[in-house]
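Visitor: Shown below is the structure under consideration.
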Amino acid sequence: MNIFKRGLDRRTQPVEKDNRMSNDWQFRVKFNVGVPEKFVLETDYLERLFEKACDIIDTHSYSLRLTIEVVPKKRKAGYDHPARTITISAKNYKAGTLAHEFGHAIICHVFVVPPSETLQEIICGYIDHQITKKGF
Ligand SMILES: [Zn+2]
């Protein structure tokens, strides 16, 4: 097994925010061998980025649980819906890229029949653009 976890396995506690329902999602981060020790994805950071992605498309998901697998080498990010897993690279990591993949996860989770790949790319590209443009 060449995958190990670094302390981000805790479930987030429900938090009252605005008039929305409590959030009940969870991120599990797997750092593959070779990912530099200094590369971290804190739970608070992931929650804020996820919430921002939800806000941008005005679509909220409160029961989504995701695994985020970090690989050391440069690689295109992706989302595997049946496995509920996002794969991202530590080498060319960008918040906008992870937010883009969050978008796929949100869309696939919320819609019983997810929109086409093309439409998803437009929506997720918009999330990436907003995050990148405004900074995160
Ligand atoms: Zn995409």
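Just so we're on the same page: first chain in the structure tokens is A, next is B, and so on; residues restart at 1 for each chain, and ligands are numbered from 1 in the order they show up.
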How would you write, as a compact mmCIF listing (two decimals) with C-alpha atoms, in the first residue's frame, the set of residues no farther than 10 Å from ligand 1 when counting only C-alpha atoms and all ligand atoms?

Guide:
# COMPACT_ATOMS: atom_id res chain seq x y z
CA LYS A 76 -4.44 16.44 -15.06
CA ALA A 77 -6.93 16.67 -12.18
CA GLY A 78 -10.04 14.52 -12.31
CA TYR A 79 -13.15 13.39 -10.49
CA THR A 97 -8.38 23.41 -10.23
CA LEU A 98 -9.56 21.78 -7.01
CA ALA A 99 -12.65 24.03 -7.01
CA HIS A 100 -13.31 22.89 -10.61
CA GLU A 101 -13.26 19.25 -9.45
CA PHE A 102 -15.45 20.13 -6.45
CA GLY A 103 -17.87 21.45 -9.07
CA HIS A 104 -18.04 18.05 -10.79
CA ALA A 105 -18.61 16.35 -7.44
CA GLU A 117 -19.68 16.36 -19.81
CA THR A 118 -19.69 19.47 -22.01
CA LEU A 119 -22.15 21.33 -19.80
CA GLN A 120 -20.28 20.23 -16.67
CA GLU A 121 -17.03 21.57 -18.12
CA ILE A 122 -18.68 24.93 -18.76
CA ILE A 123 -20.01 25.13 -15.21
CA CYS A 124 -16.79 23.89 -13.60
CA GLY A 125 -14.69 26.13 -15.85
CA ASP A 128 -12.27 27.81 -11.73

Visitor: Please report, as a VMD selection string, each residue of range 20-134 of chain A to which DSSP assigns alpha helix (DSSP H) when run on this structure's backbone.

Guide: chain A and resid 43 to 57 95 to 110 117 to 134

Visitor: I need the residues in range 13-100 of chain A that are strand (DSSP E or B) according to DSSP; give them as a list in words.

Guide: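 Restricting range 13-100 of chain A to strand (DSSP E or B) produces Gln26, Phe27, Arg28, Val29, Lys30, Phe31, Asn32, Arg65, Leu66, Thr67, Ile68, Glu69, Val70, Val71, Gly78, Tyr79, Asp80, Thr85, Ile86, Thr87, Ile88 and Ser89 of chain A.
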
Visitor: Please produce a file of the residues just selected, as a PDB file, in the first residue's frame, where the atoms kept are N, CA and C atoms.

Guide:
ATOM      1  N   GLN A  26     -17.584  15.856   4.463  1.00  0.00           N
ATOM      2  CA  GLN A  26     -16.323  15.392   5.015  1.00  0.00           C
ATOM      3  C   GLN A  26     -15.323  15.193   3.891  1.00  0.00           C
ATOM      4  N   PHE A  27     -14.108  15.545   4.177  1.00  0.00           N
ATOM      5  CA  PHE A  27     -13.039  15.312   3.211  1.00  0.00           C
ATOM      6  C   PHE A  27     -12.012  14.371   3.811  1.00  0.00           C
ATOM      7  N   ARG A  28     -11.620  13.432   3.016  1.00  0.00           N
ATOM      8  CA  ARG A  28     -10.554  12.514   3.407  1.00  0.00           C
ATOM      9  C   ARG A  28      -9.434  12.756   2.403  1.00  0.00           C
ATOM     10  N   VAL A  29      -8.275  13.059   2.892  1.00  0.00           N
ATOM     11  CA  VAL A  29      -7.166  13.371   1.983  1.00  0.00           C
ATOM     12  C   VAL A  29      -6.130  12.256   2.055  1.00  0.00           C
ATOM     13  N   LYS A  30      -5.793  11.747   0.888  1.00  0.00           N
ATOM     14  CA  LYS A  30      -4.733  10.728   0.800  1.00  0.00           C
ATOM     15  C   LYS A  30      -3.555  11.351   0.074  1.00  0.00           C
ATOM     16  N   PHE A  31      -2.418  11.353   0.731  1.00  0.00           N
ATOM     17  CA  PHE A  31      -1.205  11.867   0.099  1.00  0.00           C
ATOM     18  C   PHE A  31      -0.389  10.677  -0.381  1.00  0.00           C
ATOM     19  N   ASN A  32      -0.203  10.567  -1.664  1.00  0.00           N
ATOM     20  CA  ASN A  32       0.600   9.460  -2.186  1.00  0.00           C
ATOM     21  C   ASN A  32       2.073   9.673  -1.854  1.00  0.00           C
ATOM     22  N   ARG A  65     -19.500  13.374   0.752  1.00  0.00           N
ATOM     23  CA  ARG A  65     -18.222  12.967   1.334  1.00  0.00           C
ATOM     24  C   ARG A  65     -17.265  12.642   0.201  1.00  0.00           C
ATOM     25  N   LEU A  66     -16.102  13.213   0.281  1.00  0.00           N
ATOM     26  CA  LEU A  66     -15.155  13.068  -0.823  1.00  0.00           C
ATOM     27  C   LEU A  66     -13.790  12.626  -0.333  1.00  0.00           C
ATOM     28  N   THR A  67     -13.143  11.857  -1.182  1.00  0.00           N
ATOM     29  CA  THR A  67     -11.731  11.559  -0.975  1.00  0.00           C
ATOM     30  C   THR A  67     -10.952  12.421  -1.957  1.00  0.00           C
ATOM     31  N   ILE A  68      -9.922  13.051  -1.461  1.00  0.00           N
ATOM     32  CA  ILE A  68      -9.035  13.829  -2.319  1.00  0.00           C
ATOM     33  C   ILE A  68      -7.688  13.125  -2.302  1.00  0.00           C
ATOM     34  N   GLU A  69      -7.313  12.614  -3.463  1.00  0.00           N
ATOM     35  CA  GLU A  69      -6.035  11.901  -3.575  1.00  0.00           C
ATOM     36  C   GLU A  69      -5.021  12.833  -4.217  1.00  0.00           C
ATOM     37  N   VAL A  70      -3.932  13.046  -3.507  1.00  0.00           N
ATOM     38  CA  VAL A  70      -2.887  13.944  -4.005  1.00  0.00           C
ATOM     39  C   VAL A  70      -1.743  13.101  -4.539  1.00  0.00           C
ATOM     40  N   VAL A  71      -1.401  13.350  -5.795  1.00  0.00           N
ATOM     41  CA  VAL A  71      -0.276  12.628  -6.411  1.00  0.00           C
ATOM     42  C   VAL A  71       0.891  13.602  -6.557  1.00  0.00           C
ATOM     43  N   GLY A  78      -8.845  15.225 -11.866  1.00  0.00           N
ATOM     44  CA  GLY A  78     -10.040  14.524 -12.313  1.00  0.00           C
ATOM     45  C   GLY A  78     -10.944  14.161 -11.155  1.00  0.00           C
ATOM     46  N   TYR A  79     -12.182  13.835 -11.497  1.00  0.00           N
ATOM     47  CA  TYR A  79     -13.151  13.392 -10.488  1.00  0.00           C
ATOM     48  C   TYR A  79     -13.761  12.070 -10.932  1.00  0.00           C
ATOM     49  N   ASP A  80     -13.696  11.088 -10.049  1.00  0.00           N
ATOM     50  CA  ASP A  80     -14.280   9.773 -10.299  1.00  0.00           C
ATOM     51  C   ASP A  80     -15.543   9.688  -9.444  1.00  0.00           C
ATOM     52  N   THR A  85     -14.045  10.349  -5.645  1.00  0.00           N
ATOM     53  CA  THR A  85     -12.643  10.699  -5.439  1.00  0.00           C
ATOM     54  C   THR A  85     -12.154  11.722  -6.451  1.00  0.00           C
ATOM     55  N   ILE A  86     -11.531  12.764  -5.915  1.00  0.00           N
ATOM     56  CA  ILE A  86     -10.868  13.768  -6.737  1.00  0.00           C
ATOM     57  C   ILE A  86      -9.381  13.448  -6.705  1.00  0.00           C
ATOM     58  N   THR A  87      -8.757  13.474  -7.865  1.00  0.00           N
ATOM     59  CA  THR A  87      -7.303  13.298  -7.921  1.00  0.00           C
ATOM     60  C   THR A  87      -6.686  14.611  -8.378  1.00  0.00           C
ATOM     61  N   ILE A  88      -5.731  15.094  -7.600  1.00  0.00           N
ATOM     62  CA  ILE A  88      -5.039  16.330  -7.964  1.00  0.00           C
ATOM     63  C   ILE A  88      -3.539  16.136  -7.780  1.00  0.00           C
ATOM     64  N   SER A  89      -2.797  17.008  -8.450  1.00  0.00           N
ATOM     65  CA  SER A  89      -1.343  16.931  -8.387  1.00  0.00           C
ATOM     66  C   SER A  89      -0.800  17.976  -7.422  1.00  0.00           C
TER      67      SER A  89
END
